[in-house]
Amino acid sequence: MKKFIESISNVWKIEELKNRILITLGLLLVYRFGAQVTLPGIDATQLGNLAGQTKEGIGSILDMFTGGAFSQASVFALGIMPYISASIVVQLMGIAIPYLQKLQSDGESGRKKINQITRWLTIGITLVQGPTYIYNLYRTLPSNAFLLGFNSFEFLFSSVVILVTGTIFAMWLGEKITDKGIGNGISLLIMVGILARLPQAFIQEFTTRVTNNNGGPMLLVIEIIIWLLVIICCVLLVMAIRKIPVQYARRTTSGDFEQDMLGGNRQWIPLKLNASGVMPIIFAQAIMFIPAALAGLSKSDASQSIVGAFSNMFGFWYNFVFATLIIVFTFFYTAITVPTNKMSDDLKRSGGFIPGIRPGVETSDYLDKVMSLITFPGSLFLALIAVFPAIVVSVMDVQQSWAMFFGGTSLIIMVGVAIDTMQQINSYLLNKHYDGLMKSGKNRKAVA
């Protein structure tokens, strides 16, 4: 514990890192403050029906990713999710559209143009989602909750403009955290929104178990232990890699006074067990909205049974289909994001090779084979974590709001962003000759 405190104190000794952390915390505070500001023209005291809509099911997921802004009818009600959707669309379109492929290979200039395209697409998506959200308010809230009048054009127009502006402002905050803060701005906004729901969810579970005497404190302790074990498993899933050994040919470099022989340098290529991250869960979650939406257009008994099955996030058939889609999308997303052909070409150009494997096509095939082999258990593990909330609800009768933190998108995001943030801070400490957060924190002596 003493070493950890010393490591934290070293963070504040680095002026640049301290300023970046303070900027990050300040911008996150602005985002959380905005999430509590209700849209003008809505009576904030009559949001009970909207809050009830987000206690379970799909509404709870939307409210979690916006940090409660969705249920507050906030100016940040749409959160940063339109930007995430736009980023996914642009990334997938980059596979099929030659212009985007060219931009991806143009370096920094291409990246700036892709970012600009993503921003404009974000505005387009928000212009569609904004009126949809207002329509949901019309259906959910009582008519006297609208201070400017029910179905008034003034309220509709101003609210859509504010929702679009709120999403753009949240996007700007994320980019500023990335540029001026400690990085991963968009991911940090999502993580903070998820963490904002954690205390309330735990208090509800504590009240149910202890105050209402439904299992007692011992069962609550068991739940916390299981939760910590699941977090450890998520950490292992995020950080697990397969090391592919690489051998570099011997080469000679000449200098004015000496000749160094650099030969036989052995390194390795890290292939992640879960190279696709949380994206398969996001894709699968989006697909799961479709059956219930299509079946809702029909009033037949069969359609209503489909609506019931796919509206229950903790039901068997929902999670069975959900897990299957996650496994499929894990292979799909890994195939389009891990360029084994490019890895093979880069390795060949740098004079490297995998022992026992010929450079070129054989290396590419070998990397693709290894990637497929490690992706299969990774996809199964990811699917298990995704459906684990449904397991704890059915087995241990856990409150649904608390169960959402036992797995799924929320837990993977929290673990992944936390690890990335720690690595960012670690890099600053190591560059300033301090040990990382996981070490002693003792000041290193610079090597001349």
# chains A, B, ... in the order shown; residues from 1 in each chain; ligands from 1

call {"tool": "select_by_dssp", "arguments": {"residues": "region 36-248 of chain A", "states": "strand (DSSP E or B)", "output": "short mmCIF file (atom, residue, chain, number, x, y, z; two decimals) with N, CA and C atoms, in the first residue's frame"}}
result
data_model
loop_
_atom_site.label_atom_id
_atom_site.label_comp_id
_atom_site.auth_asym_id
_atom_site.auth_seq_id
_atom_site.Cartn_x
_atom_site.Cartn_y
_atom_site.Cartn_z
N THR A 38 -32.18 19.37 -17.60
CA THR A 38 -33.35 18.91 -18.36
C THR A 38 -33.60 19.83 -19.55
N ILE A 42 -39.69 21.23 -20.40
CA ILE A 42 -40.16 20.00 -19.76
C ILE A 42 -40.12 20.19 -18.25
N SER A 74 -32.36 14.91 -20.56
CA SER A 74 -31.30 15.90 -20.46
C SER A 74 -30.89 16.42 -21.83
N PHE A 146 -45.21 19.12 -20.53
CA PHE A 146 -44.66 19.97 -21.58
C PHE A 146 -45.14 21.41 -21.36
N ILE A 241 -2.69 -12.26 -24.73
CA ILE A 241 -2.12 -12.23 -26.07
C ILE A 241 -1.41 -13.55 -26.37
N ARG A 242 -1.26 -13.83 -27.65
CA ARG A 242 -0.45 -14.96 -28.11
C ARG A 242 0.79 -14.37 -28.77
N LYS A 243 1.97 -14.73 -28.28
CA LYS A 243 3.21 -14.20 -28.80
C LYS A 243 3.72 -15.06 -29.96
N ILE A 244 3.87 -14.44 -31.12
CA ILE A 244 4.43 -15.12 -32.29
C ILE A 244 5.89 -14.71 -32.41
N PRO A 245 6.84 -15.63 -32.24
CA PRO A 245 8.26 -15.26 -32.29
C PRO A 245 8.68 -14.80 -33.68
N VAL A 246 9.52 -13.78 -33.71
CA VAL A 246 10.03 -13.22 -34.97
C VAL A 246 11.54 -13.13 -34.89
N GLN A 247 12.21 -13.55 -35.95
CA GLN A 247 13.66 -13.48 -36.04
C GLN A 247 14.04 -12.46 -37.10
N TYR A 248 14.99 -11.58 -36.79
CA TYR A 248 15.46 -10.58 -37.75
C TYR A 248 16.85 -10.96 -38.23
#

call {"tool": "residues_around", "arguments": {"residues": "Asp43 (chain A)", "least_positions_apart": "4", "cutoff": "9 Å", "atoms": "only C-alpha atoms", "output": "PyMOL selection string"}}
result
chain A and resi 38-39+47+144-147

call {"tool": "residues_around", "arguments": {"residues": "region 403-416 of chain A", "least_positions_apart": "4", "cutoff": "7 Å", "atoms": "only C-alpha atoms", "output": "PyMOL selection string"}}
result
chain A and resi 191+194+227+230+234-235+238+278+281+385-389+392-393+398-399+420

call {"tool": "closest_residue", "arguments": {"among": "A:Ile168, A:Leu103, A:Ile5, A:Leu78", "to": "Ile134 (chain A)", "atoms": "only C-alpha atoms"}}
result
A:Leu78

call {"tool": "residues_around", "arguments": {"residues": "region 367-384 of chain A", "least_positions_apart": "2", "cutoff": "10 Å", "atoms": "only C-alpha atoms", "output": "MDAnalysis selection string"}}
result
chainID A and resid 233:234 237:238 240:242 244 269 271:278 280:281 319:320 322:331 334:335 338:341 343:344 354 361:365 386:389 391 407:409 412

call {"tool": "select_by_dssp", "arguments": {"residues": "region 37-127 of chain A", "states": "helix (DSSP H, G or I)", "output": "MDAnalysis selection string"}}
result
chainID A and resid 44:46 48:53 58:65 81:96 98:104 108:127

call {"tool": "residues_around", "arguments": {"residues": "Ala51 (chain A)", "least_positions_apart": "4", "cutoff": "12 Å", "atoms": "only C-alpha atoms", "output": "mmCIF file with C-alpha atoms, in the first residue's frame"}}
result
data_model
loop_
_atom_site.group_PDB
_atom_site.id
_atom_site.type_symbol
_atom_site.label_atom_id
_atom_site.label_comp_id
_atom_site.auth_asym_id
_atom_site.auth_seq_id
_atom_site.Cartn_x
_atom_site.Cartn_y
_atom_site.Cartn_z
ATOM 1 C CA ALA A 44 -38.445 18.009 -14.394
ATOM 2 C CA THR A 45 -40.775 16.942 -11.584
ATOM 3 C CA GLN A 46 -42.871 14.794 -13.931
ATOM 4 C CA LEU A 47 -40.230 12.472 -15.339
ATOM 5 C CA LYS A 55 -35.427 0.608 -15.119
ATOM 6 C CA GLU A 56 -35.264 -2.582 -17.184
ATOM 7 C CA GLY A 59 -34.204 1.426 -21.885
ATOM 8 C CA SER A 60 -31.838 0.525 -19.066
ATOM 9 C CA LEU A 62 -29.604 3.365 -23.221
ATOM 10 C CA ASP A 63 -29.791 5.098 -19.851
ATOM 11 C CA MET A 64 -26.607 3.399 -18.666
ATOM 12 C CA GLY A 68 -28.745 8.657 -16.587
ATOM 13 C CA ALA A 69 -29.200 11.514 -19.078
ATOM 14 C CA PHE A 70 -31.750 9.505 -21.079
ATOM 15 C CA SER A 71 -34.113 9.158 -18.101
ATOM 16 C CA GLN A 72 -33.557 12.801 -17.132
ATOM 17 C CA ALA A 73 -34.648 14.116 -20.568
ATOM 18 C CA LEU A 137 -41.283 11.674 -24.624
ATOM 19 C CA THR A 140 -44.272 8.463 -22.110
ATOM 20 C CA LEU A 141 -44.792 11.736 -20.252
#

call {"tool": "closest_residue", "arguments": {"among": "A:Gly79, A:Met239, A:Thr126, A:Ile190", "to": "Gln423 (chain A)", "atoms": "only C-alpha atoms"}}
result
A:Met239

call {"tool": "atom_distance", "arguments": {"atom1": "CA of Gly216 (chain A)", "atom2": "CA of Gln204 (chain A)"}}
result
13.5 Å

call {"tool": "atom_distance", "arguments": {"atom1": "CA of Ser9 (chain A)", "atom2": "CA of Phe33 (chain A)"}}
result
28.4 Å

call {"tool": "closest_residue", "arguments": {"among": "A:Ile21, A:Ile97, A:Leu228, A:Val161", "to": "Met422 (chain A)", "atoms": "only C-alpha atoms"}}
result
A:Ile21

call {"tool": "atom_distance", "arguments": {"atom1": "CA of Gly352 (chain A)", "atom2": "CA of Ile95 (chain A)"}}
result
27.9 Å

call {"tool": "closest_residue", "arguments": {"among": "A:Ile80, A:Leu92, A:Ala170, A:Ile203", "to": "Ile336 (chain A)", "atoms": "only C-alpha atoms"}}
result
A:Leu92

call {"tool": "decode", "arguments": {"residues": "region 158-170 of chain A", "atoms": "all heavy atoms", "output": "CSV table (one decimal), in the first residue's frame"}}
result
chain,number,residue,atom,x,y,z
A,158,SER,N,-36.9,23.3,-31.0
A,158,SER,CA,-35.8,23.7,-30.1
A,158,SER,C,-35.2,22.5,-29.4
A,158,SER,O,-33.9,22.5,-29.2
A,158,SER,CB,-36.4,24.6,-29.0
A,158,SER,OG,-37.4,24.0,-28.2
A,159,SER,N,-35.9,21.5,-29.1
A,159,SER,CA,-35.4,20.3,-28.4
A,159,SER,C,-34.5,19.5,-29.4
A,159,SER,O,-33.4,19.0,-28.9
A,159,SER,CB,-36.5,19.4,-27.9
A,159,SER,OG,-37.3,20.0,-27.0
A,160,VAL,N,-34.9,19.4,-30.6
A,160,VAL,CA,-34.0,18.7,-31.6
A,160,VAL,C,-32.7,19.4,-31.8
A,160,VAL,O,-31.6,18.8,-31.8
A,160,VAL,CB,-34.7,18.5,-32.9
A,160,VAL,CG1,-33.7,18.0,-34.0
A,160,VAL,CG2,-35.9,17.5,-32.8
A,161,VAL,N,-32.7,20.7,-31.9
A,161,VAL,CA,-31.5,21.5,-32.0
A,161,VAL,C,-30.6,21.4,-30.8
A,161,VAL,O,-29.4,21.2,-30.9
A,161,VAL,CB,-31.9,23.0,-32.2
A,161,VAL,CG1,-30.6,23.9,-32.1
A,161,VAL,CG2,-32.5,23.2,-33.5
A,162,ILE,N,-31.2,21.4,-29.6
A,162,ILE,CA,-30.5,21.2,-28.3
A,162,ILE,C,-29.9,19.8,-28.2
A,162,ILE,O,-28.7,19.7,-27.8
A,162,ILE,CB,-31.4,21.5,-27.1
A,162,ILE,CG1,-31.7,23.0,-27.1
A,162,ILE,CG2,-30.7,21.1,-25.8
A,162,ILE,CD1,-32.7,23.4,-26.0
A,163,LEU,N,-30.6,18.8,-28.6
A,163,LEU,CA,-30.1,17.4,-28.6
A,163,LEU,C,-28.9,17.2,-29.5
A,163,LEU,O,-27.9,16.6,-29.2
A,163,LEU,CB,-31.2,16.4,-28.9
A,163,LEU,CG,-32.3,16.2,-27.8
A,163,LEU,CD1,-33.4,15.3,-28.4
A,163,LEU,CD2,-31.7,15.6,-26.6
A,164,VAL,N,-29.0,17.8,-30.7
A,164,VAL,CA,-27.9,17.7,-31.7
A,164,VAL,C,-26.7,18.5,-31.1
A,164,VAL,O,-25.6,18.0,-31.2
A,164,VAL,CB,-28.3,18.3,-33.1
A,164,VAL,CG1,-27.1,18.4,-34.0
A,164,VAL,CG2,-29.4,17.5,-33.7
A,165,THR,N,-26.9,19.7,-30.6
A,165,THR,CA,-25.9,20.5,-30.0
A,165,THR,C,-25.2,19.7,-28.8
A,165,THR,O,-24.0,19.8,-28.7
A,165,THR,CB,-26.4,21.8,-29.6
A,165,THR,OG1,-27.0,22.5,-30.7
A,165,THR,CG2,-25.2,22.7,-29.1
A,166,GLY,N,-26.0,19.1,-28.0
A,166,GLY,CA,-25.5,18.4,-26.9
A,166,GLY,C,-24.6,17.2,-27.3
A,166,GLY,O,-23.5,17.0,-26.7
A,167,THR,N,-25.0,16.5,-28.3
A,167,THR,CA,-24.1,15.4,-28.8
A,167,THR,C,-22.8,16.0,-29.4
A,167,THR,O,-21.8,15.4,-29.1
A,167,THR,CB,-24.9,14.6,-29.9
A,167,THR,OG1,-26.0,13.9,-29.3
A,167,THR,CG2,-24.0,13.5,-30.5
A,168,ILE,N,-22.9,17.0,-30.2
A,168,ILE,CA,-21.7,17.7,-30.7
A,168,ILE,C,-20.8,18.2,-29.6
A,168,ILE,O,-19.6,18.0,-29.7
A,168,ILE,CB,-22.1,18.8,-31.7
A,168,ILE,CG1,-22.9,18.3,-32.9
A,168,ILE,CG2,-20.9,19.6,-32.2
A,168,ILE,CD1,-23.4,19.3,-33.8
A,169,PHE,N,-21.4,18.8,-28.6
A,169,PHE,CA,-20.6,19.3,-27.5
A,169,PHE,C,-19.9,18.1,-26.7
A,169,PHE,O,-18.7,18.2,-26.3
A,169,PHE,CB,-21.4,20.1,-26.5
A,169,PHE,CG,-20.7,20.7,-25.4
A,169,PHE,CD1,-19.8,21.7,-25.6
A,169,PHE,CD2,-20.9,20.3,-24.1
A,169,PHE,CE1,-19.0,22.2,-24.6
A,169,PHE,CE2,-20.2,20.8,-23.0
A,169,PHE,CZ,-19.3,21.8,-23.3
A,170,ALA,N,-20.7,17.0,-26.5
A,170,ALA,CA,-20.1,15.8,-25.9
A,170,ALA,C,-18.9,15.3,-26.7
A,170,ALA,O,-17.9,14.8,-26.2
A,170,ALA,CB,-21.1,14.8,-25.7
